[in-house]
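Below is entry.cif, which holds mmCIF, C-alpha atoms.
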```
data_input
#
loop_
_atom_site.label_atom_id
_atom_site.label_comp_id
_atom_site.auth_asym_id
_atom_site.auth_seq_id
_atom_site.Cartn_x
_atom_site.Cartn_y
_atom_site.Cartn_z
CA MET A 1 1.12 6.47 13.44
CA ALA A 2 -1.89 4.19 13.06
CA ILE A 3 -2.22 0.74 14.63
CA SER A 4 -4.97 -1.51 15.89
CA ASN A 5 -5.52 -2.18 19.57
CA ILE A 6 -3.64 -5.36 20.47
CA ARG A 7 -4.25 -7.92 23.21
CA TYR A 8 -1.60 -10.59 23.74
CA GLY A 9 -1.39 -13.73 25.86
CA GLU A 10 -2.00 -17.46 25.95
CA GLY A 11 -5.74 -18.13 25.98
CA VAL A 12 -6.95 -14.54 25.42
CA THR A 13 -9.22 -15.83 22.64
CA LYS A 14 -11.73 -16.85 25.29
CA GLU A 15 -12.50 -13.15 25.87
CA ILE A 16 -13.79 -12.54 22.34
CA GLY A 17 -17.45 -13.22 23.24
CA MET A 18 -17.24 -10.57 25.98
CA ASP A 19 -15.61 -8.11 23.56
CA LEU A 20 -18.52 -8.53 21.17
CA GLN A 21 -21.00 -8.12 24.03
CA ASN A 22 -19.20 -4.92 25.07
CA LEU A 23 -19.49 -3.65 21.50
CA GLY A 24 -23.24 -4.33 21.59
CA ALA A 25 -22.92 -6.67 18.58
CA ARG A 26 -26.19 -8.36 17.58
CA ARG A 27 -25.24 -10.04 14.28
CA VAL A 28 -21.64 -11.17 13.91
CA CYS A 29 -19.86 -12.47 10.82
CA LEU A 30 -17.16 -15.07 11.62
CA MET A 31 -14.71 -15.56 8.73
CA THR A 32 -12.17 -18.37 8.35
CA ASP A 33 -11.04 -20.93 5.76
CA LYS A 34 -11.96 -24.59 5.23
CA ASN A 35 -8.73 -25.96 6.78
CA LEU A 36 -8.94 -23.84 9.89
CA SER A 37 -12.66 -24.36 10.48
CA LYS A 38 -11.83 -27.78 11.99
CA LEU A 39 -8.82 -26.67 14.06
CA PRO A 40 -8.43 -25.48 17.70
CA PRO A 41 -8.24 -21.70 16.99
CA VAL A 42 -11.73 -21.62 15.43
CA ASN A 43 -13.03 -23.93 18.16
CA ALA A 44 -11.74 -21.54 20.82
CA VAL A 45 -13.62 -18.66 19.16
CA LEU A 46 -16.81 -20.73 18.72
CA ASN A 47 -16.73 -21.74 22.40
CA SER A 48 -16.43 -18.11 23.49
CA LEU A 49 -19.27 -16.99 21.17
CA ALA A 50 -21.51 -19.79 22.47
CA LYS A 51 -20.68 -19.08 26.11
CA HIS A 52 -21.69 -15.42 25.75
CA GLY A 53 -24.74 -16.05 23.58
CA ILE A 54 -23.40 -14.23 20.50
CA ASN A 55 -25.56 -14.57 17.39
CA PHE A 56 -23.23 -15.22 14.42
CA GLN A 57 -22.98 -16.63 10.93
CA MET A 58 -19.84 -18.40 9.74
CA TYR A 59 -18.21 -17.91 6.35
CA ASP A 60 -15.47 -20.52 5.86
CA ASN A 61 -15.00 -20.12 2.12
CA VAL A 62 -11.97 -17.79 2.26
CA ARG A 63 -9.38 -18.66 -0.38
CA VAL A 64 -5.74 -19.01 0.70
CA GLU A 65 -4.03 -16.25 -1.35
CA PRO A 66 -7.33 -14.48 -2.19
CA THR A 67 -8.41 -13.24 -5.61
CA ASP A 68 -10.73 -10.40 -6.63
CA GLN A 69 -13.45 -13.06 -7.12
CA SER A 70 -12.93 -14.63 -3.67
CA PHE A 71 -13.08 -11.13 -2.12
CA LEU A 72 -16.35 -10.46 -4.01
CA ASP A 73 -17.87 -13.77 -2.80
CA ALA A 74 -17.12 -12.75 0.80
CA VAL A 75 -18.49 -9.24 0.18
CA LYS A 76 -21.74 -10.74 -1.14
CA PHE A 77 -22.09 -12.84 2.04
CA ALA A 78 -21.39 -9.76 4.21
CA LYS A 79 -23.92 -7.57 2.38
CA LYS A 80 -26.62 -10.23 2.70
CA GLY A 81 -25.95 -10.78 6.41
CA GLU A 82 -26.23 -7.11 7.42
CA PHE A 83 -23.67 -7.71 10.16
CA ASP A 84 -22.78 -5.19 12.86
CA ALA A 85 -19.39 -6.74 13.72
CA TYR A 86 -16.81 -9.06 12.14
CA VAL A 87 -14.39 -11.66 13.51
CA ALA A 88 -11.56 -13.01 11.32
CA VAL A 89 -9.77 -16.18 12.47
CA GLY A 90 -6.84 -17.16 10.27
CA GLY A 91 -3.75 -15.97 8.47
CA GLY A 92 -3.42 -12.87 6.32
CA SER A 93 -5.73 -14.28 3.65
CA VAL A 94 -8.64 -14.53 6.08
CA ILE A 95 -8.02 -11.21 7.83
CA ASP A 96 -7.58 -9.36 4.51
CA THR A 97 -10.76 -10.93 3.07
CA CYS A 98 -12.68 -9.87 6.17
CA LYS A 99 -11.38 -6.29 5.87
CA ALA A 100 -12.62 -6.16 2.27
CA ALA A 101 -16.01 -7.64 3.22
CA ASN A 102 -16.43 -5.04 5.97
CA LEU A 103 -15.40 -2.19 3.64
CA TYR A 104 -17.70 -2.99 0.71
CA ALA A 105 -20.65 -4.01 2.89
CA SER A 106 -20.29 -0.62 4.65
CA SER A 107 -20.08 1.16 1.28
CA PRO A 108 -22.68 -0.77 -0.77
CA THR A 109 -22.84 1.64 -3.72
CA SER A 110 -19.06 1.56 -4.37
CA GLU A 111 -17.57 -0.23 -7.35
CA PHE A 112 -14.90 -2.81 -6.47
CA LEU A 113 -12.06 -0.83 -8.10
CA ASP A 114 -12.98 2.40 -6.26
CA TYR A 115 -10.80 1.50 -3.26
CA VAL A 116 -8.16 -0.64 -4.98
CA ASN A 117 -4.70 0.96 -5.10
CA ALA A 118 -3.87 3.19 -8.06
CA PRO A 119 -2.81 2.82 -10.84
CA ILE A 120 -4.73 -0.50 -11.03
CA GLY A 121 -7.80 0.87 -9.21
CA LYS A 122 -8.96 4.39 -8.34
CA GLY A 123 -7.41 4.45 -4.85
CA LYS A 124 -10.23 6.59 -3.41
CA PRO A 125 -9.97 7.54 0.27
CA VAL A 126 -12.40 5.63 2.53
CA THR A 127 -14.86 8.08 4.07
CA VAL A 128 -17.65 5.69 5.19
CA PRO A 129 -17.76 4.37 8.80
CA LEU A 130 -16.89 0.65 9.04
CA LYS A 131 -18.13 -1.93 11.54
CA PRO A 132 -15.85 -3.23 14.33
CA LEU A 133 -13.53 -6.04 13.20
CA ILE A 134 -11.69 -8.34 15.62
CA ALA A 135 -8.75 -10.20 14.04
CA VAL A 136 -7.41 -13.43 15.52
CA PRO A 137 -4.20 -14.34 13.63
CA THR A 138 -3.28 -18.04 13.44
CA THR A 139 0.02 -17.59 11.57
CA SER A 140 3.07 -15.56 12.51
CA GLY A 141 3.63 -13.66 9.33
CA THR A 142 1.47 -11.00 7.78
CA GLY A 143 0.86 -8.76 10.79
CA SER A 144 -2.51 -8.15 9.11
CA GLU A 145 -4.15 -7.77 12.53
CA THR A 146 -2.34 -4.42 12.92
CA THR A 147 -2.53 -2.93 9.41
CA GLY A 148 -4.93 -1.16 7.07
CA VAL A 149 -3.90 -3.26 4.06
CA ALA A 150 -5.74 -6.08 2.23
CA ILE A 151 -3.93 -7.91 -0.59
CA PHE A 152 -5.45 -10.03 -3.38
CA ASP A 153 -4.75 -11.43 -6.88
CA LEU A 154 -6.41 -9.54 -9.71
CA LYS A 155 -6.99 -12.54 -11.97
CA GLU A 156 -7.53 -10.65 -15.22
CA LEU A 157 -4.12 -8.93 -14.98
CA LYS A 158 -2.41 -11.90 -13.23
CA VAL A 159 -1.05 -9.51 -10.65
CA LYS A 160 -1.36 -9.02 -6.93
CA THR A 161 -2.55 -5.66 -5.68
CA GLY A 162 -4.57 -4.46 -2.72
CA ILE A 163 -6.50 -1.90 -0.77
CA ALA A 164 -4.57 0.33 1.62
CA SER A 165 -6.37 2.62 4.03
CA ARG A 166 -6.15 3.24 7.76
CA ALA A 167 -9.95 2.96 7.83
CA ILE A 168 -9.90 -0.81 7.23
CA LYS A 169 -7.50 -1.78 10.02
CA PRO A 170 -8.99 -4.10 12.64
CA THR A 171 -10.48 -2.60 15.79
CA LEU A 172 -8.69 -5.23 17.89
CA GLY A 173 -6.03 -7.86 17.20
CA ILE A 174 -6.14 -10.85 19.56
CA ILE A 175 -2.66 -12.38 19.56
CA ASP A 176 -2.96 -15.77 21.24
CA PRO A 177 0.25 -17.80 20.89
CA LEU A 178 -1.67 -21.06 21.47
CA HIS A 179 -2.94 -20.72 17.90
CA THR A 180 0.56 -21.07 16.44
CA LEU A 181 0.92 -24.62 17.77
CA SER A 182 -1.20 -26.05 14.95
CA MET A 183 1.04 -24.56 12.21
CA PRO A 184 3.05 -27.07 10.12
CA GLU A 185 6.80 -26.54 9.63
CA ARG A 186 6.79 -24.89 6.18
CA VAL A 187 3.92 -22.60 7.13
CA VAL A 188 5.99 -21.42 10.12
CA ALA A 189 8.99 -20.88 7.81
CA ASN A 190 7.17 -18.99 5.06
CA SER A 191 5.22 -16.87 7.56
CA GLY A 192 8.48 -16.05 9.31
CA PHE A 193 10.08 -14.94 6.03
CA ASP A 194 7.27 -12.43 5.63
CA VAL A 195 8.10 -11.01 9.09
CA LEU A 196 11.79 -10.89 8.14
CA CYS A 197 11.11 -8.94 4.94
CA HIS A 198 8.53 -6.64 6.56
CA ALA A 199 11.17 -5.63 9.09
CA LEU A 200 14.04 -5.30 6.58
CA GLU A 201 12.03 -3.42 3.97
CA SER A 202 10.38 -0.96 6.35
CA TYR A 203 13.74 -0.23 8.03
CA THR A 204 15.48 0.42 4.68
CA ALA A 205 12.55 2.18 2.92
CA LEU A 206 12.89 5.70 1.55
CA PRO A 207 12.74 8.02 4.60
CA TYR A 208 9.38 9.72 5.24
CA ASN A 209 10.89 13.23 4.92
CA MET A 210 12.30 12.50 1.46
CA ARG A 211 8.90 11.81 -0.05
CA SER A 212 7.11 14.46 -2.03
CA PRO A 213 4.83 16.16 -2.72
CA CYS A 214 3.12 16.48 0.65
CA PRO A 215 -0.60 15.52 0.32
CA SER A 216 -2.88 18.54 -0.02
CA ASN A 217 -5.13 17.05 2.70
CA PRO A 218 -4.18 14.56 5.44
CA ILE A 219 -6.95 12.16 4.31
CA ASN A 220 -4.86 11.58 1.17
CA ARG A 221 -1.69 10.73 3.09
CA PRO A 222 -0.79 7.14 2.17
CA ALA A 223 -0.81 4.42 4.82
CA TYR A 224 2.79 3.69 3.74
CA GLN A 225 4.84 6.78 4.60
CA GLY A 226 8.46 5.65 4.30
CA SER A 227 10.89 4.73 7.07
CA ASN A 228 10.40 6.90 10.13
CA PRO A 229 11.60 7.06 13.74
CA VAL A 230 8.54 5.27 15.17
CA SER A 231 8.42 2.42 12.64
CA ASP A 232 12.19 1.90 12.96
CA VAL A 233 11.76 0.91 16.62
CA TRP A 234 9.23 -1.81 15.74
CA ALA A 235 11.12 -3.06 12.66
CA LEU A 236 14.42 -3.45 14.52
CA HIS A 237 12.77 -5.15 17.48
CA ALA A 238 11.02 -7.61 15.13
CA LEU A 239 14.34 -8.32 13.40
CA HIS A 240 16.02 -9.18 16.73
CA ILE A 241 13.21 -11.64 17.53
CA VAL A 242 13.42 -13.25 14.06
CA ALA A 243 17.18 -13.68 14.47
CA LYS A 244 16.74 -15.34 17.85
CA TYR A 245 13.60 -17.44 17.41
CA LEU A 246 12.66 -18.17 13.77
CA LYS A 247 14.94 -21.19 13.28
CA ARG A 248 13.83 -22.61 16.63
CA ALA A 249 10.14 -22.11 15.82
CA ILE A 250 10.54 -23.94 12.50
CA ARG A 251 12.64 -26.82 13.77
CA ASN A 252 10.71 -27.66 16.92
CA PRO A 253 6.90 -27.40 16.91
CA GLU A 254 6.94 -27.97 20.69
CA ASP A 255 9.11 -24.87 21.30
CA ARG A 256 6.33 -22.71 22.71
CA GLU A 257 8.65 -19.87 23.64
CA ALA A 258 9.91 -19.56 20.05
CA ARG A 259 6.43 -19.79 18.52
CA ALA A 260 4.99 -17.26 20.99
CA ASN A 261 7.80 -14.81 20.24
CA MET A 262 7.38 -15.17 16.47
CA HIS A 263 3.65 -14.49 16.91
CA LEU A 264 4.55 -11.23 18.63
CA ALA A 265 7.27 -10.41 16.07
CA SER A 266 4.66 -10.66 13.34
CA ALA A 267 2.58 -7.94 15.04
CA PHE A 268 5.67 -5.80 15.77
CA ALA A 269 6.81 -5.94 12.14
CA GLY A 270 3.19 -5.25 11.11
CA ILE A 271 3.17 -2.06 13.14
CA GLY A 272 6.49 -1.09 11.51
CA PHE A 273 5.61 -1.75 7.88
CA GLY A 274 1.94 -0.81 8.31
CA ASN A 275 3.16 2.76 8.72
CA ALA A 276 6.52 2.83 6.91
CA GLY A 277 5.64 0.48 4.06
CA VAL A 278 7.59 -2.20 2.22
CA HIS A 279 9.45 -1.88 -1.08
CA LEU A 280 11.04 -4.10 -3.74
CA CYS A 281 10.84 -7.60 -2.20
CA HIS A 282 7.10 -7.13 -1.86
CA GLY A 283 6.64 -5.27 -5.16
CA MET A 284 8.41 -8.08 -7.03
CA SER A 285 6.66 -10.82 -5.04
CA TYR A 286 3.21 -9.97 -6.39
CA PRO A 287 3.88 -11.18 -9.96
CA ILE A 288 5.86 -14.16 -8.57
CA SER A 289 2.66 -15.23 -6.77
CA GLY A 290 0.31 -14.11 -9.54
CA LEU A 291 2.05 -15.92 -12.44
CA VAL A 292 2.58 -19.23 -10.62
CA LYS A 293 2.33 -22.23 -12.95
CA SER A 294 2.27 -25.55 -11.14
CA TYR A 295 4.17 -25.07 -7.87
CA LYS A 296 2.49 -26.71 -4.86
CA PRO A 297 4.26 -26.03 -1.56
CA LYS A 298 4.83 -28.66 1.11
CA ASP A 299 2.52 -28.48 4.17
CA TYR A 300 -0.19 -26.39 2.42
CA ASN A 301 -3.51 -28.14 1.96
CA VAL A 302 -4.76 -26.31 -1.16
CA ASP A 303 -6.33 -27.39 -4.45
CA HIS A 304 -4.59 -24.75 -6.58
CA SER A 305 -0.99 -23.87 -7.52
CA LEU A 306 0.41 -21.45 -4.99
CA VAL A 307 3.62 -19.69 -4.02
CA PRO A 308 3.17 -18.85 -0.32
CA HIS A 309 3.46 -15.10 0.18
CA GLY A 310 6.47 -15.21 2.51
CA LEU A 311 8.38 -17.43 0.07
CA SER A 312 7.59 -15.19 -2.91
CA VAL A 313 8.96 -12.24 -0.92
CA VAL A 314 12.12 -13.74 0.52
CA LEU A 315 13.48 -15.33 -2.69
CA THR A 316 14.43 -11.92 -4.11
CA SER A 317 15.75 -10.51 -0.82
CA PRO A 318 19.49 -11.18 -1.37
CA ALA A 319 19.39 -9.49 -4.79
CA VAL A 320 17.19 -6.62 -3.60
CA PHE A 321 19.29 -5.62 -0.59
CA ALA A 322 22.52 -5.91 -2.59
CA PHE A 323 20.88 -3.39 -4.97
CA THR A 324 19.46 -0.93 -2.40
CA ALA A 325 22.45 -0.87 -0.03
CA GLN A 326 24.32 1.93 -1.77
CA ILE A 327 21.66 4.20 -0.24
CA HIS A 328 21.82 4.03 3.58
CA PRO A 329 24.53 1.33 3.69
CA GLU A 330 24.77 1.72 7.48
CA ARG A 331 21.16 0.49 7.84
CA HIS A 332 21.89 -2.54 5.69
CA LEU A 333 24.98 -3.30 7.78
CA LYS A 334 23.01 -2.99 11.02
CA ALA A 335 20.40 -5.42 9.70
CA ALA A 336 23.15 -7.89 8.70
CA GLU A 337 24.67 -7.61 12.18
CA ILE A 338 21.31 -8.33 13.88
CA LEU A 339 20.97 -11.43 11.67
CA GLY A 340 24.37 -12.69 12.83
CA ALA A 341 27.02 -11.16 10.56
CA ASP A 342 30.31 -10.00 12.09
CA ILE A 343 30.63 -6.43 10.81
CA ARG A 344 33.56 -5.27 12.96
CA THR A 345 35.92 -5.01 9.98
CA ALA A 346 33.23 -4.46 7.33
CA ARG A 347 33.58 -1.67 4.79
CA VAL A 348 30.55 0.49 4.22
CA LYS A 349 30.70 -0.09 0.48
CA ASP A 350 30.32 -3.85 1.05
CA ALA A 351 27.06 -3.47 3.04
CA GLY A 352 24.84 -4.91 0.30
CA PHE A 353 27.08 -7.89 -0.35
CA ILE A 354 27.28 -8.63 3.40
CA LEU A 355 23.51 -8.45 3.97
CA ALA A 356 22.81 -10.52 0.83
CA ASP A 357 25.31 -13.16 1.95
CA THR A 358 23.82 -13.25 5.46
CA LEU A 359 20.33 -13.76 4.03
CA ARG A 360 21.52 -16.53 1.69
CA LYS A 361 23.10 -18.42 4.59
CA PHE A 362 19.92 -17.96 6.64
CA LEU A 363 17.74 -19.37 3.84
CA PHE A 364 20.15 -22.22 3.04
CA ASP A 365 20.10 -23.30 6.70
CA LEU A 366 16.30 -23.51 6.50
CA ASN A 367 16.15 -25.62 3.28
CA VAL A 368 14.51 -22.87 1.24
CA ASP A 369 13.96 -23.59 -2.48
CA ASP A 370 17.00 -22.54 -4.52
CA GLY A 371 15.62 -19.37 -6.09
CA LEU A 372 12.86 -18.67 -8.60
CA ALA A 373 14.04 -21.50 -10.87
CA ALA A 374 13.16 -24.00 -8.14
CA ILE A 375 9.53 -22.84 -8.05
CA GLY A 376 9.06 -23.09 -11.81
CA TYR A 377 10.37 -19.85 -13.35
CA SER A 378 13.02 -19.41 -16.05
CA LYS A 379 14.73 -16.48 -17.77
CA ALA A 380 11.95 -16.55 -20.38
CA ASP A 381 9.50 -15.42 -17.66
CA ILE A 382 11.48 -12.31 -16.68
CA PRO A 383 9.68 -9.85 -19.04
CA ALA A 384 6.29 -10.94 -17.61
CA LEU A 385 7.59 -10.69 -14.03
CA VAL A 386 8.89 -7.17 -14.70
CA LYS A 387 5.59 -6.19 -16.33
CA GLY A 388 3.75 -7.41 -13.22
CA THR A 389 6.03 -5.38 -10.94
CA LEU A 390 5.61 -2.05 -12.75
CA PRO A 391 2.04 -1.30 -11.51
CA GLN A 392 3.12 -1.87 -7.88
CA GLU A 393 4.10 1.78 -7.44
CA ARG A 394 2.50 1.93 -4.01
CA VAL A 395 5.51 -0.06 -2.78
CA THR A 396 8.21 0.16 -5.46
CA LYS A 397 8.37 3.94 -5.04
CA LEU A 398 9.37 3.37 -1.41
CA SER A 399 12.61 1.71 -2.48
CA PRO A 400 15.48 3.94 -1.32
CA ARG A 401 17.02 3.47 -4.77
CA PRO A 402 14.88 4.15 -7.85
CA GLN A 403 14.85 1.31 -10.38
CA THR A 404 14.46 1.02 -14.16
CA GLU A 405 12.91 -1.91 -16.04
CA GLU A 406 16.47 -3.08 -16.74
CA ASP A 407 17.24 -3.02 -13.01
CA LEU A 408 14.15 -5.11 -12.27
CA SER A 409 15.13 -7.62 -14.99
CA ALA A 410 18.59 -7.93 -13.46
CA LEU A 411 17.09 -8.45 -9.97
CA PHE A 412 14.79 -11.22 -11.20
CA GLU A 413 17.70 -12.83 -13.07
CA ALA A 414 19.91 -12.70 -9.96
CA SER A 415 17.10 -14.35 -7.97
CA MET A 416 16.73 -17.38 -10.27
CA LYS A 417 19.36 -19.24 -8.23
CA LEU A 418 20.39 -18.36 -4.68
CA TYR A 419 23.12 -20.76 -3.62
#
```
Please lay out the structure from this file as structure tokens.
Amino acid sequence: MAISNIRYGEGVTKEIGMDLQNLGARRVCLMTDKNLSKLPPVNAVLNSLAKHGINFQMYDNVRVEPTDQSFLDAVKFAKKGEFDAYVAVGGGSVIDTCKAANLYASSPTSEFLDYVNAPIGKGKPVTVPLKPLIAVPTTSGTGSETTGVAIFDLKELKVKTGIASRAIKPTLGIIDPLHTLSMPERVVANSGFDVLCHALESYTALPYNMRSPCPSNPINRPAYQGSNPVSDVWALHALHIVAKYLKRAIRNPEDREARANMHLASAFAGIGFGNAGVHLCHGMSYPISGLVKSYKPKDYNVDHSLVPHGLSVVLTSPAVFAFTAQIHPERHLKAAEILGADIRTARVKDAGFILADTLRKFLFDLNVDDGLAAIGYSKADIPALVKGTLPQERVTKLSPRPQTEEDLSALFEASMKLY
């Protein structure tokens, strides 16, 4: 079980300058994105750094939904700065970019693909010591402050992939619910869908003791190990919070209790999936994001087409869980019950249908786009979407039910329209 240290509470961001002092940091890299650089979360960090006399340089060029090139730009900045500590203030894009910058600046002779997941990259284990990284999440979604995973778009292949290693997880995650108050409605929704799928996928993933072969050396054990008794606790707890608070957090930006709880749920689900892993919703989401044509989501201030990560993940969830439920149907039923389904008279063989139906109702209530067709895809795109899913073995192999190319085609087709 590997997780970052976590500190939670309103206003804890003000302690970050002291944390860096305690670490003996002399040259700090502060990473964020252009939108956030003008908002209260970054201001809170800047105030703390100034108050404690921390010498830092700011990099605010992080791309929302990063690419290999945007990672490399950040790596170049990190190498030049010779930093001895990093602070990431933002959503998953910022925290993941900062993890990559820390990794490659600490391993200057490595090629970029050395650490990228196989089969796209070489998937080498990380054996170099990294610098301390403090992550300050400003969204309630990725759980990136707790995990050793950094995701990006590989432009040449039009596919999302990533780097997964316990070595890159942040030293400390500072979870300050005040930072969620500046999130617009759709950002809250899409971030929350990521939490929902992290919890559902890690809870229903192939169990850890059914994976084989056992790695010949523990350093080769993947960060994603399959569902296990420790991750289950975190995934289920996150699911309960999502069921209770996500709709409230979206509908009322002033509902501090709901937003604070979703901020915590994001970390809880991160601890769950950061060790158990995710499966088909995430595996299929990477080409959905990577092949985007012209979709521009509401409430996102970006200059490029973009399918927000949480949306790309949740749109396939009804089809995916209808497909996986024949393995461990009782887990699928339990998840449906937590999300509000009445399962008292349910038959085990209907578990997938019940969970899929519960998810559809949930998404319909929250005005989510009606399937992949609503974000610009058609049946003609299915072969390309399947092709983009096939290299995602790091996650697709964690599906409790193995899938063929035909199965994936059918899942994409079933996700074209939801309601």
What's around Lys99 (chain A) at 8 Å? Count only C-alpha atoms, leave out sequence neighbours fewer than 5 positions away in its own chain, and write the answer as a PDB file with C-alpha atoms, in the coordinates of the input.
```pdb
ATOM      1  CA  LEU A 133     -13.530  -6.040  13.200  1.00  0.00           C
ATOM      2  CA  ALA A 150      -5.740  -6.080   2.230  1.00  0.00           C
ATOM      3  CA  ILE A 168      -9.900  -0.810   7.230  1.00  0.00           C
ATOM      4  CA  LYS A 169      -7.500  -1.780  10.020  1.00  0.00           C
ATOM      5  CA  PRO A 170      -8.990  -4.100  12.640  1.00  0.00           C
TER       6      PRO A 170
END
```
- Exactly which residues make up the result of the PyMOL selection byres ((chain A and resi 400) around 10) on this file, given as a list in words?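 With the PyMOL selection byres ((chain A and resi 400) around 10) on this model, the match is Glu201, Thr204, Ala205, Leu206, Pro207, Met210, Gly226, Ser227, His279, Leu280, Phe323, Thr324, Ala325, Gln326, Ile327, His328, Thr396, Lys397, Leu398, Ser399, Arg401, Pro402 and Gln403 of chain A.
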- Query: How many Å lie between CA of Asn252 (chain A) and CA of Leu181 (chain A), rounded to one decimal?
  - Reply: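 Spanning CA of Asn252 (chain A) to CA of Leu181 (chain A) is a straight-line distance of 10.3 Å.
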- Quick one: residues within 10 Å of Ala167 (chain A), only C-alpha atoms counted, chain neighbours fewer than 3 positions away excluded, as a PyMOL selection string? chain A and resi 2+99+103+125-130+147-149+164+170-171+223
- Task: Would you mind reading off the distance between CA of Thr316 (chain A) and CA of Asn228 (chain A), one decimal, in Å?
- Result: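 We find that CA of Thr316 (chain A) and CA of Asn228 (chain A) lie 23.9 Å from each other.
Near Glu15 (chain A), within 12 Å and counting all atoms listed in the file, sit A:Arg7, A:Tyr8, A:Gly9, A:Glu10, A:Leu20, A:Gln21, A:Asn22, A:Ala44, A:Val45, A:Leu46, A:Asn47, A:Ser48, A:Leu49, A:Ala50, A:Lys51, A:His52, A:Ile134, A:Val136, A:Leu172, A:Ile174, A:Ile175, A:Asp176, not including residues fewer than 5 positions from it in the same chain.
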Can you spit out the residues from that selection as a JSON list (two decimals), in the coordinates of the input, using C-alpha atoms?
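Below you can see again_32.json, which holds the result:
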```json
[["chain", "number", "residue", "atom", "x", "y", "z"],
["A", 7, "ARG", "CA", -4.25, -7.92, 23.21],
["A", 8, "TYR", "CA", -1.60, -10.59, 23.74],
["A", 9, "GLY", "CA", -1.39, -13.73, 25.86],
["A", 10, "GLU", "CA", -2.00, -17.46, 25.95],
["A", 20, "LEU", "CA", -18.52, -8.53, 21.17],
["A", 21, "GLN", "CA", -21.00, -8.12, 24.03],
["A", 22, "ASN", "CA", -19.20, -4.92, 25.07],
["A", 44, "ALA", "CA", -11.74, -21.54, 20.82],
["A", 45, "VAL", "CA", -13.62, -18.66, 19.16],
["A", 46, "LEU", "CA", -16.81, -20.73, 18.72],
["A", 47, "ASN", "CA", -16.73, -21.74, 22.40],
["A", 48, "SER", "CA", -16.43, -18.11, 23.49],
["A", 49, "LEU", "CA", -19.27, -16.99, 21.17],
["A", 50, "ALA", "CA", -21.51, -19.79, 22.47],
["A", 51, "LYS", "CA", -20.68, -19.08, 26.11],
["A", 52, "HIS", "CA", -21.69, -15.42, 25.75],
["A", 134, "ILE", "CA", -11.69, -8.34, 15.62],
["A", 136, "VAL", "CA", -7.41, -13.43, 15.52],
["A", 172, "LEU", "CA", -8.69, -5.23, 17.89],
["A", 174, "ILE", "CA", -6.14, -10.85, 19.56],
["A", 175, "ILE", "CA", -2.66, -12.38, 19.56],
["A", 176, "ASP", "CA", -2.96, -15.77, 21.24]]
```
- Message: Measuring between all atoms listed in the file, which one of A:Ala373, A:Ala189, A:Ala335, A:Met284 shows the shortest distance to Leu355 (chain A)?
- Response: A:Ala335
- Quick one: which residues end up in the PyMOL selection byres ((chain A and resi 367) around 12) for this structure, as a ChimeraX atom specification? /A:185-186,189-190,247,250-251,298,311,360-366,368-371,374,418-419
Give as a compact mmCIF listing (two decimals) with C-alpha atoms, in the coordinates of the input the set of residues within 12 Å of the point (-4.4, -26.8, -5.9), where distances use the file's coordinates and all atoms listed in the file.
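Below is the file that was written, selection_18.txt:
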```txt
# COMPACT_ATOMS: atom_id res chain seq x y z
CA ARG A 63 -9.38 -18.66 -0.38
CA VAL A 64 -5.74 -19.01 0.70
CA GLU A 65 -4.03 -16.25 -1.35
CA VAL A 292 2.58 -19.23 -10.62
CA LYS A 293 2.33 -22.23 -12.95
CA SER A 294 2.27 -25.55 -11.14
CA TYR A 295 4.17 -25.07 -7.87
CA LYS A 296 2.49 -26.71 -4.86
CA PRO A 297 4.26 -26.03 -1.56
CA LYS A 298 4.83 -28.66 1.11
CA TYR A 300 -0.19 -26.39 2.42
CA ASN A 301 -3.51 -28.14 1.96
CA VAL A 302 -4.76 -26.31 -1.16
CA ASP A 303 -6.33 -27.39 -4.45
CA HIS A 304 -4.59 -24.75 -6.58
CA SER A 305 -0.99 -23.87 -7.52
CA LEU A 306 0.41 -21.45 -4.99
CA VAL A 307 3.62 -19.69 -4.02
```
- Message: Could you check the closest approach to Leu196 (chain A) for each of A:Ile219, A:Ala336, A:Leu291, A:Ala135 and tell me which residue wins, using all atoms listed in the file?
- Response: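 The answer is A:Ala336, which sits nearest to Leu196 (chain A).
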- Task: Name the residues that the PyMOL selection byres ((chain A and resi 112-124) around 6) pulls out of this structure, and write them as JSON, numbers by chain.
- Result: {"A": [111, 125, 162, 163]}
Those same residues - C-alpha atoms - I'd like them written as an mmCIF file, in the frame of the given file.
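Listing of result-v9.cif after writing:
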```cif
data_model
loop_
_atom_site.group_PDB
_atom_site.id
_atom_site.type_symbol
_atom_site.label_atom_id
_atom_site.label_comp_id
_atom_site.auth_asym_id
_atom_site.auth_seq_id
_atom_site.Cartn_x
_atom_site.Cartn_y
_atom_site.Cartn_z
ATOM 1 C CA GLU A 111 -17.570 -0.230 -7.350
ATOM 2 C CA PRO A 125 -9.970 7.540 0.270
ATOM 3 C CA GLY A 162 -4.570 -4.460 -2.720
ATOM 4 C CA ILE A 163 -6.500 -1.900 -0.770
#
```
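The environment of Asn35 (chain A) within 12 Å, counting only C-alpha atoms and disregarding residues fewer than 3 places along the same chain, consists of Thr32, Lys38, Leu39, Pro40, Pro41, Val42, Asp60, Asn61, Val62, Arg63, Val64, Val89, Gly90, Gly91, Val94, Thr138, Ser182, Met183, Asp299, Tyr300, Asn301, Val302 and Asp303 of chain A.
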- Query: Which of these residues is nearest to Asp350 (chain A), using all atoms listed in the file: A:Met1, A:Asp33, A:Ala322, A:Arg331?
  - Reply: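 Closest candidate: A:Ala322.
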- Message: One number please: CA of Ala351 (chain A) to CA of Pro318 (chain A), in Å, one decimal.
- Response: 11.7 Å
- Selected residue, from A:Asp381, A:Glu82, A:Asp357, A:Asp68, that lies nearest to Arg26 (chain A) when counting all atoms listed in the file: A:Glu82
